[in-house]
Amino acid sequence: MPELPEVETVRRGLERLIVGRSIKTVMVYDSPKSFPNTQADVEQFVYGATIVAVRRRAKVLLIELSTNYTFVTHLKMTGQLVYVGNERFGAGHPTDSLIGSLPDRSTRVAMAFDDGTTLFFNDQRKFGWMKLYPAPEVMNIDFMQKVGPEPLDDSFTAKVFISRIRHRNNTTIKAAILDQTVLAGVGNIYADESLWGAKIHPSTRVKNVSDEQLSTLLVELKYVLNLAIEKGGSTDKNYVNAEGKRGSYIDFARVFRREGKECPRHPGTVIIKTRVAGRGTHTCPICQPAPL
DNA sequence: CACTTGACCTGTCCGC
DNA sequence: TGCGGACAGGTCAAGT
């Protein structure tokens, strides 16, 4: 379930851990589903290349190489990018990592660096993928063309948010903020958390949400996304950062995975779990009364 | 076109 | 204990 804060946490870790390292070999364990490029292309464009940057757009990670090729990765629900260091260089696998010895049965790709360290792409459910693109073609990927603005950019103002989401007036507010073409990076956790923050029921139709409420929702969205980045993301089951460690946002969650527990605003009232937009949805029945 | 639902996967949990 | 089925949820294709 990596969303914007989890992917950004992985990006920051990888930026620190792999930029400047040189790739020696790439082992592919699940082709073509998890990694469709041919071995010949990998040998020609990746072997000997140096990592020059690690970027993020929405929930997609871009690992840029000195050869002007880019590894594009989407972790989807259970994907992990875990760097395993080398004891000789004092960057060994952390002892508090949630990850056992790698590769394991979920490993789809392993990228070995010339210093003996390795980056593993693991994905239990095989929904995620990693693909090699010539750098200039990355922006032509369908998803990149249609994905909406980054919600944490200063240019993403209430005015921009409102004008974009009003194109989805007839659907529910939860479906609208999960729509990656409206804004980038929000998934189930932060949708529920921000809607509770703004005191809006997730199944409210967008047309019945006022501009003022939408402005409040954007403030709450930016707040939970920033807080989650600060806490290193949310680890429910599978998510780990680039060192294999868990994130702690879930300890600060107000509604997500808290069904049956008290609403922070209303001691004595418990969070309920329902289904909205096809997803498990958590609300406080007092803060967020269901629409008629 | 706007919107909703099912498919893609595998591990886990629950009820019988 | 074993087993079937529901569930987890990001994105895309197919359906209404």
# chains A, B, ... in the order shown; residues from 1 in each chain; ligands from 1
$ closest_atom_pairs --of "chain B" --to "chain A" --cutoff "7 Å" --atoms "only C-alpha atoms (C1' of nucleotides)" --output "tab-separated table"
residue	atom	partner	partner_atom	distance
B:DC8	C1'	A:Phe127	CA	6.8
B:DC9	C1'	A:Arg125	CA	4.6
B:DT10	C1'	A:Arg125	CA	5.1
$ interface_residues --of "chain C" --to "chain A" --cutoff "10 Å" --atoms "only C-alpha atoms (C1' of nucleotides)" --output "VMD selection string"
chain C and resid 7 to 11
$ write_last_selection --atoms "N, CA and C atoms (P, O5', C5', C4', C3', O3' and C1' of nucleotides)" --output "PDB file, in the first residue's frame"
ATOM      1  P    DC C   7     -15.503  -9.627   2.308  1.00  0.00           P
ATOM      2  O5'  DC C   7     -13.985  -9.214   2.542  1.00  0.00           O
ATOM      3  C5'  DC C   7     -13.345  -9.570   3.769  1.00  0.00           C
ATOM      4  C4'  DC C   7     -11.884  -9.228   3.693  1.00  0.00           C
ATOM      5  C3'  DC C   7     -11.580  -7.931   2.928  1.00  0.00           C
ATOM      6  O3'  DC C   7     -10.956  -7.029   3.807  1.00  0.00           O
ATOM      7  C1'  DC C   7     -10.099  -9.689   2.297  1.00  0.00           C
ATOM      8  P    DA C   8     -10.996  -5.442   3.463  1.00  0.00           P
ATOM      9  O5'  DA C   8      -9.502  -5.118   3.039  1.00  0.00           O
ATOM     10  C5'  DA C   8      -8.455  -5.224   3.982  1.00  0.00           C
ATOM     11  C4'  DA C   8      -7.141  -5.322   3.269  1.00  0.00           C
ATOM     12  C3'  DA C   8      -6.997  -4.355   2.087  1.00  0.00           C
ATOM     13  O3'  DA C   8      -6.465  -3.111   2.532  1.00  0.00           O
ATOM     14  C1'  DA C   8      -6.113  -6.545   1.595  1.00  0.00           C
ATOM     15  P    DG C   9      -7.233  -1.758   2.124  1.00  0.00           P
ATOM     16  O5'  DG C   9      -6.182  -0.885   1.329  1.00  0.00           O
ATOM     17  C5'  DG C   9      -4.879  -1.307   1.010  1.00  0.00           C
ATOM     18  C4'  DG C   9      -4.644  -1.183  -0.476  1.00  0.00           C
ATOM     19  C3'  DG C   9      -5.408  -0.068  -1.201  1.00  0.00           C
ATOM     20  O3'  DG C   9      -4.596   0.431  -2.260  1.00  0.00           O
ATOM     21  C1'  DG C   9      -5.961  -2.103  -2.168  1.00  0.00           C
ATOM     22  P    DG C  10      -4.258   1.978  -2.346  1.00  0.00           P
ATOM     23  O5'  DG C  10      -3.518   2.055  -3.750  1.00  0.00           O
ATOM     24  C5'  DG C  10      -2.156   1.635  -3.854  1.00  0.00           C
ATOM     25  C4'  DG C  10      -1.745   1.647  -5.306  1.00  0.00           C
ATOM     26  C3'  DG C  10      -2.336   2.767  -6.148  1.00  0.00           C
ATOM     27  O3'  DG C  10      -1.376   3.136  -7.130  1.00  0.00           O
ATOM     28  C1'  DG C  10      -3.172   0.687  -6.914  1.00  0.00           C
ATOM     29  P    DT C  11      -1.673   4.324  -8.168  1.00  0.00           P
ATOM     30  O5'  DT C  11      -2.263   3.600  -9.446  1.00  0.00           O
ATOM     31  C5'  DT C  11      -1.393   2.746 -10.197  1.00  0.00           C
ATOM     32  C4'  DT C  11      -2.184   1.947 -11.192  1.00  0.00           C
ATOM     33  C3'  DT C  11      -2.950   2.751 -12.249  1.00  0.00           C
ATOM     34  O3'  DT C  11      -2.327   2.470 -13.487  1.00  0.00           O
ATOM     35  C1'  DT C  11      -4.188   0.885 -11.466  1.00  0.00           C
TER      36       DT C  11
END
$ select_by_dssp --residues "stretch 78-292 of chain A" --states "strand (DSSP E or B)" --output "ChimeraX atom specification"
/A:79-84,107-113,118-123,129-134,172,205,234,248,262-263,266-270,272-276,279-283
$ select_by_dssp --residues "stretch 101-283 of chain A" --states "helix (DSSP H, G or I)" --output "ChimeraX atom specification"
/A:135-140,142-146,158-168,173-178,188-197,206-208,211-230,249-252
$ atom_distance --atom1 "atom CA of A:Ser248" --atom2 "atom CA of A:Leu218"
22.6 Å
$ residues_around --residues "C:DA6" --least-positions-apart "4" --cutoff "12 Å" --atoms "only C-alpha atoms (C1' of nucleotides)" --output "MDAnalysis selection string"
chainID B and resid 12:15
$ write_last_selection --atoms "N, CA and C atoms (P, O5', C5', C4', C3', O3' and C1' of nucleotides)" --output "tab-separated table (two decimals), in the first residue's frame"
chain	number	residue	atom	x	y	z
B	12	DT	P	1.63	-15.17	5.45
B	12	DT	O5'	0.23	-14.74	6.06
B	12	DT	C5'	-0.12	-13.37	6.09
B	12	DT	C4'	-1.56	-13.21	6.51
B	12	DT	C3'	-1.95	-14.09	7.71
B	12	DT	O3'	-2.64	-13.27	8.64
B	12	DT	C1'	-3.50	-14.33	5.96
B	13	DC	P	-2.76	-13.73	10.17
B	13	DC	O5'	-4.33	-13.64	10.42
B	13	DC	C5'	-5.07	-12.57	9.82
B	13	DC	C4'	-6.51	-13.01	9.60
B	13	DC	C3'	-7.07	-13.89	10.73
B	13	DC	O3'	-8.36	-13.41	11.10
B	13	DC	C1'	-7.45	-14.89	8.64
B	14	DC	P	-8.98	-13.79	12.55
B	14	DC	O5'	-10.52	-14.01	12.21
B	14	DC	C5'	-11.10	-13.46	11.03
B	14	DC	C4'	-12.18	-14.41	10.53
B	14	DC	C3'	-12.78	-15.29	11.62
B	14	DC	O3'	-14.19	-15.21	11.57
B	14	DC	C1'	-12.07	-16.61	9.77
B	15	DG	P	-15.09	-15.83	12.76
B	15	DG	O5'	-15.94	-16.95	12.01
B	15	DG	C5'	-16.60	-16.64	10.78
B	15	DG	C4'	-17.00	-17.93	10.09
B	15	DG	C3'	-17.68	-18.95	11.01
B	15	DG	O3'	-18.76	-19.55	10.30
B	15	DG	C1'	-15.77	-19.93	10.01
$ atom_distance --atom1 "atom CA of A:Val19" --atom2 "atom CA of A:Thr50"
7.6 Å
$ atom_distance --atom1 "atom CA of A:Gly232" --atom2 "atom CA of A:Asp251"
11.5 Å
$ residues_around --residues "B:DT5" --least-positions-apart "3" --cutoff "12 Å" --atoms "only C-alpha atoms (C1' of nucleotides)" --output "tab-separated table (two decimals) with N, CA, C and O atoms (P, O5', C5', C4', C3', O3' and C1' of nucleotides), in the first residue's frame"
chain	number	residue	atom	x	y	z
A	277	ALA	N	-16.40	3.50	-2.42
A	277	ALA	CA	-15.54	3.49	-3.62
A	277	ALA	C	-14.79	2.16	-3.74
A	277	ALA	O	-13.65	2.13	-4.20
A	278	GLY	N	-15.44	1.08	-3.26
A	278	GLY	CA	-14.83	-0.24	-3.38
A	278	GLY	C	-13.71	-0.51	-2.40
A	278	GLY	O	-13.02	-1.52	-2.53
C	12	DC	P	-2.71	3.26	-14.80
C	12	DC	O5'	-3.42	2.14	-15.68
C	12	DC	C5'	-2.81	0.86	-15.80
C	12	DC	C4'	-3.81	-0.13	-16.36
C	12	DC	C3'	-4.63	0.41	-17.53
C	12	DC	O3'	-4.68	-0.60	-18.54
C	12	DC	C1'	-6.07	-0.41	-15.86
C	13	DA	P	-5.17	-0.24	-20.01
C	13	DA	O5'	-6.31	-1.34	-20.23
C	13	DA	C5'	-6.08	-2.68	-19.82
C	13	DA	C4'	-7.40	-3.43	-19.77
C	13	DA	C3'	-8.33	-3.17	-20.96
C	13	DA	O3'	-8.92	-4.40	-21.35
C	13	DA	C1'	-9.42	-2.56	-18.93
C	14	DA	P	-9.87	-4.49	-22.63
C	14	DA	O5'	-11.31	-4.65	-21.96
C	14	DA	C5'	-11.52	-5.65	-20.97
C	14	DA	C4'	-12.88	-5.43	-20.32
C	14	DA	C3'	-14.02	-5.18	-21.31
C	14	DA	O3'	-15.13	-5.95	-20.92
C	14	DA	C1'	-13.95	-3.48	-19.69
C	15	DG	P	-16.42	-6.12	-21.90
C	15	DG	O5'	-17.56	-5.48	-21.01
C	15	DG	C5'	-17.86	-6.05	-19.71
C	15	DG	C4'	-18.59	-5.02	-18.88
C	15	DG	C3'	-19.88	-4.49	-19.52
C	15	DG	O3'	-21.01	-5.02	-18.84
C	15	DG	C1'	-18.54	-2.73	-18.61
C	16	DT	P	-22.51	-4.69	-19.47
C	16	DT	O5'	-22.87	-3.33	-18.72
C	16	DT	C5'	-23.07	-3.32	-17.31
C	16	DT	C4'	-23.46	-1.92	-16.86
C	16	DT	C3'	-24.74	-1.38	-17.51
C	16	DT	O3'	-25.58	-0.84	-16.49
C	16	DT	C1'	-22.99	0.19	-17.76
$ closest_residue --among "A:Tyr190, A:Tyr29, A:Trp129, A:Phe256" --to "A:Ile229" --atoms "only C-alpha atoms"
A:Tyr190
$ decode --residues "chain C" --atoms "N, CA, C and O atoms (P, O5', C5', C4', C3', O3' and C1' of nucleotides)" --output "short mmCIF file (atom, residue, chain, number, x, y, z; two decimals), in the first residue's frame"
data_model
loop_
_atom_site.label_atom_id
_atom_site.label_comp_id
_atom_site.auth_asym_id
_atom_site.auth_seq_id
_atom_site.Cartn_x
_atom_site.Cartn_y
_atom_site.Cartn_z
P DT C 1 -3.31 -28.65 14.99
"O5'" DT C 1 -4.02 -29.31 13.75
"C5'" DT C 1 -3.80 -30.66 13.42
"C4'" DT C 1 -4.60 -30.92 12.19
"C3'" DT C 1 -4.18 -30.05 11.00
"O3'" DT C 1 -3.98 -30.87 9.87
"C1'" DT C 1 -6.51 -29.81 11.41
P DG C 2 -3.40 -30.27 8.52
"O5'" DG C 2 -4.73 -30.15 7.64
"C5'" DG C 2 -5.68 -31.20 7.65
"C4'" DG C 2 -6.79 -30.86 6.68
"C3'" DG C 2 -6.33 -30.03 5.48
"O3'" DG C 2 -7.00 -30.51 4.33
"C1'" DG C 2 -7.95 -28.82 6.72
P DC C 3 -6.84 -29.83 2.92
"O5'" DC C 3 -8.10 -28.88 2.91
"C5'" DC C 3 -9.42 -29.43 2.98
"C4'" DC C 3 -10.41 -28.33 2.67
"C3'" DC C 3 -9.96 -27.43 1.52
"O3'" DC C 3 -11.07 -27.14 0.70
"C1'" DC C 3 -10.33 -26.14 3.47
P DG C 4 -10.86 -26.61 -0.80
"O5'" DG C 4 -12.04 -25.56 -0.92
"C5'" DG C 4 -13.30 -25.86 -0.33
"C4'" DG C 4 -13.99 -24.57 0.06
"C3'" DG C 4 -13.88 -23.47 -1.00
"O3'" DG C 4 -15.16 -22.86 -1.12
"C1'" DG C 4 -12.98 -22.69 1.05
P DG C 5 -15.49 -21.83 -2.31
"O5'" DG C 5 -15.47 -20.44 -1.54
"C5'" DG C 5 -16.25 -20.31 -0.35
"C4'" DG C 5 -15.87 -19.03 0.36
"C3'" DG C 5 -15.69 -17.83 -0.58
"O3'" DG C 5 -16.36 -16.72 -0.03
"C1'" DG C 5 -13.79 -18.07 0.78
P DA C 6 -16.70 -15.42 -0.91
"O5'" DA C 6 -16.29 -14.27 0.10
"C5'" DA C 6 -16.55 -14.43 1.49
"C4'" DA C 6 -15.62 -13.54 2.29
"C3'" DA C 6 -15.39 -12.16 1.67
"O3'" DA C 6 -15.47 -11.18 2.69
"C1'" DA C 6 -13.30 -13.23 2.00
P DC C 7 -15.50 -9.63 2.31
"O5'" DC C 7 -13.98 -9.21 2.54
"C5'" DC C 7 -13.34 -9.57 3.77
"C4'" DC C 7 -11.88 -9.23 3.69
"C3'" DC C 7 -11.58 -7.93 2.93
"O3'" DC C 7 -10.96 -7.03 3.81
"C1'" DC C 7 -10.10 -9.69 2.30
P DA C 8 -11.00 -5.44 3.46
"O5'" DA C 8 -9.50 -5.12 3.04
"C5'" DA C 8 -8.46 -5.22 3.98
"C4'" DA C 8 -7.14 -5.32 3.27
"C3'" DA C 8 -7.00 -4.35 2.09
"O3'" DA C 8 -6.47 -3.11 2.53
"C1'" DA C 8 -6.11 -6.54 1.60
P DG C 9 -7.23 -1.76 2.12
"O5'" DG C 9 -6.18 -0.89 1.33
"C5'" DG C 9 -4.88 -1.31 1.01
"C4'" DG C 9 -4.64 -1.18 -0.48
"C3'" DG C 9 -5.41 -0.07 -1.20
"O3'" DG C 9 -4.60 0.43 -2.26
"C1'" DG C 9 -5.96 -2.10 -2.17
P DG C 10 -4.26 1.98 -2.35
"O5'" DG C 10 -3.52 2.05 -3.75
"C5'" DG C 10 -2.16 1.64 -3.85
"C4'" DG C 10 -1.75 1.65 -5.31
"C3'" DG C 10 -2.34 2.77 -6.15
"O3'" DG C 10 -1.38 3.14 -7.13
"C1'" DG C 10 -3.17 0.69 -6.91
P DT C 11 -1.67 4.32 -8.17
"O5'" DT C 11 -2.26 3.60 -9.45
"C5'" DT C 11 -1.39 2.75 -10.20
"C4'" DT C 11 -2.18 1.95 -11.19
"C3'" DT C 11 -2.95 2.75 -12.25
"O3'" DT C 11 -2.33 2.47 -13.49
"C1'" DT C 11 -4.19 0.89 -11.47
P DC C 12 -2.71 3.26 -14.80
"O5'" DC C 12 -3.42 2.14 -15.68
"C5'" DC C 12 -2.81 0.86 -15.80
"C4'" DC C 12 -3.81 -0.13 -16.36
"C3'" DC C 12 -4.63 0.41 -17.53
"O3'" DC C 12 -4.68 -0.60 -18.54
"C1'" DC C 12 -6.07 -0.41 -15.86
P DA C 13 -5.17 -0.24 -20.01
"O5'" DA C 13 -6.31 -1.34 -20.23
"C5'" DA C 13 -6.08 -2.68 -19.82
"C4'" DA C 13 -7.40 -3.43 -19.77
"C3'" DA C 13 -8.33 -3.17 -20.96
"O3'" DA C 13 -8.92 -4.40 -21.35
"C1'" DA C 13 -9.42 -2.56 -18.93
P DA C 14 -9.87 -4.49 -22.63
"O5'" DA C 14 -11.31 -4.65 -21.96
"C5'" DA C 14 -11.52 -5.65 -20.97
"C4'" DA C 14 -12.88 -5.43 -20.32
"C3'" DA C 14 -14.02 -5.18 -21.31
"O3'" DA C 14 -15.13 -5.95 -20.92
"C1'" DA C 14 -13.95 -3.48 -19.69
P DG C 15 -16.42 -6.12 -21.90
"O5'" DG C 15 -17.56 -5.48 -21.01
"C5'" DG C 15 -17.86 -6.05 -19.71
"C4'" DG C 15 -18.59 -5.02 -18.88
"C3'" DG C 15 -19.88 -4.49 -19.52
"O3'" DG C 15 -21.01 -5.02 -18.84
"C1'" DG C 15 -18.54 -2.73 -18.61
P DT C 16 -22.51 -4.69 -19.47
"O5'" DT C 16 -22.87 -3.33 -18.72
"C5'" DT C 16 -23.07 -3.32 -17.31
"C4'" DT C 16 -23.46 -1.92 -16.86
"C3'" DT C 16 -24.74 -1.38 -17.51
"O3'" DT C 16 -25.58 -0.84 -16.49
"C1'" DT C 16 -22.99 0.19 -17.76
#
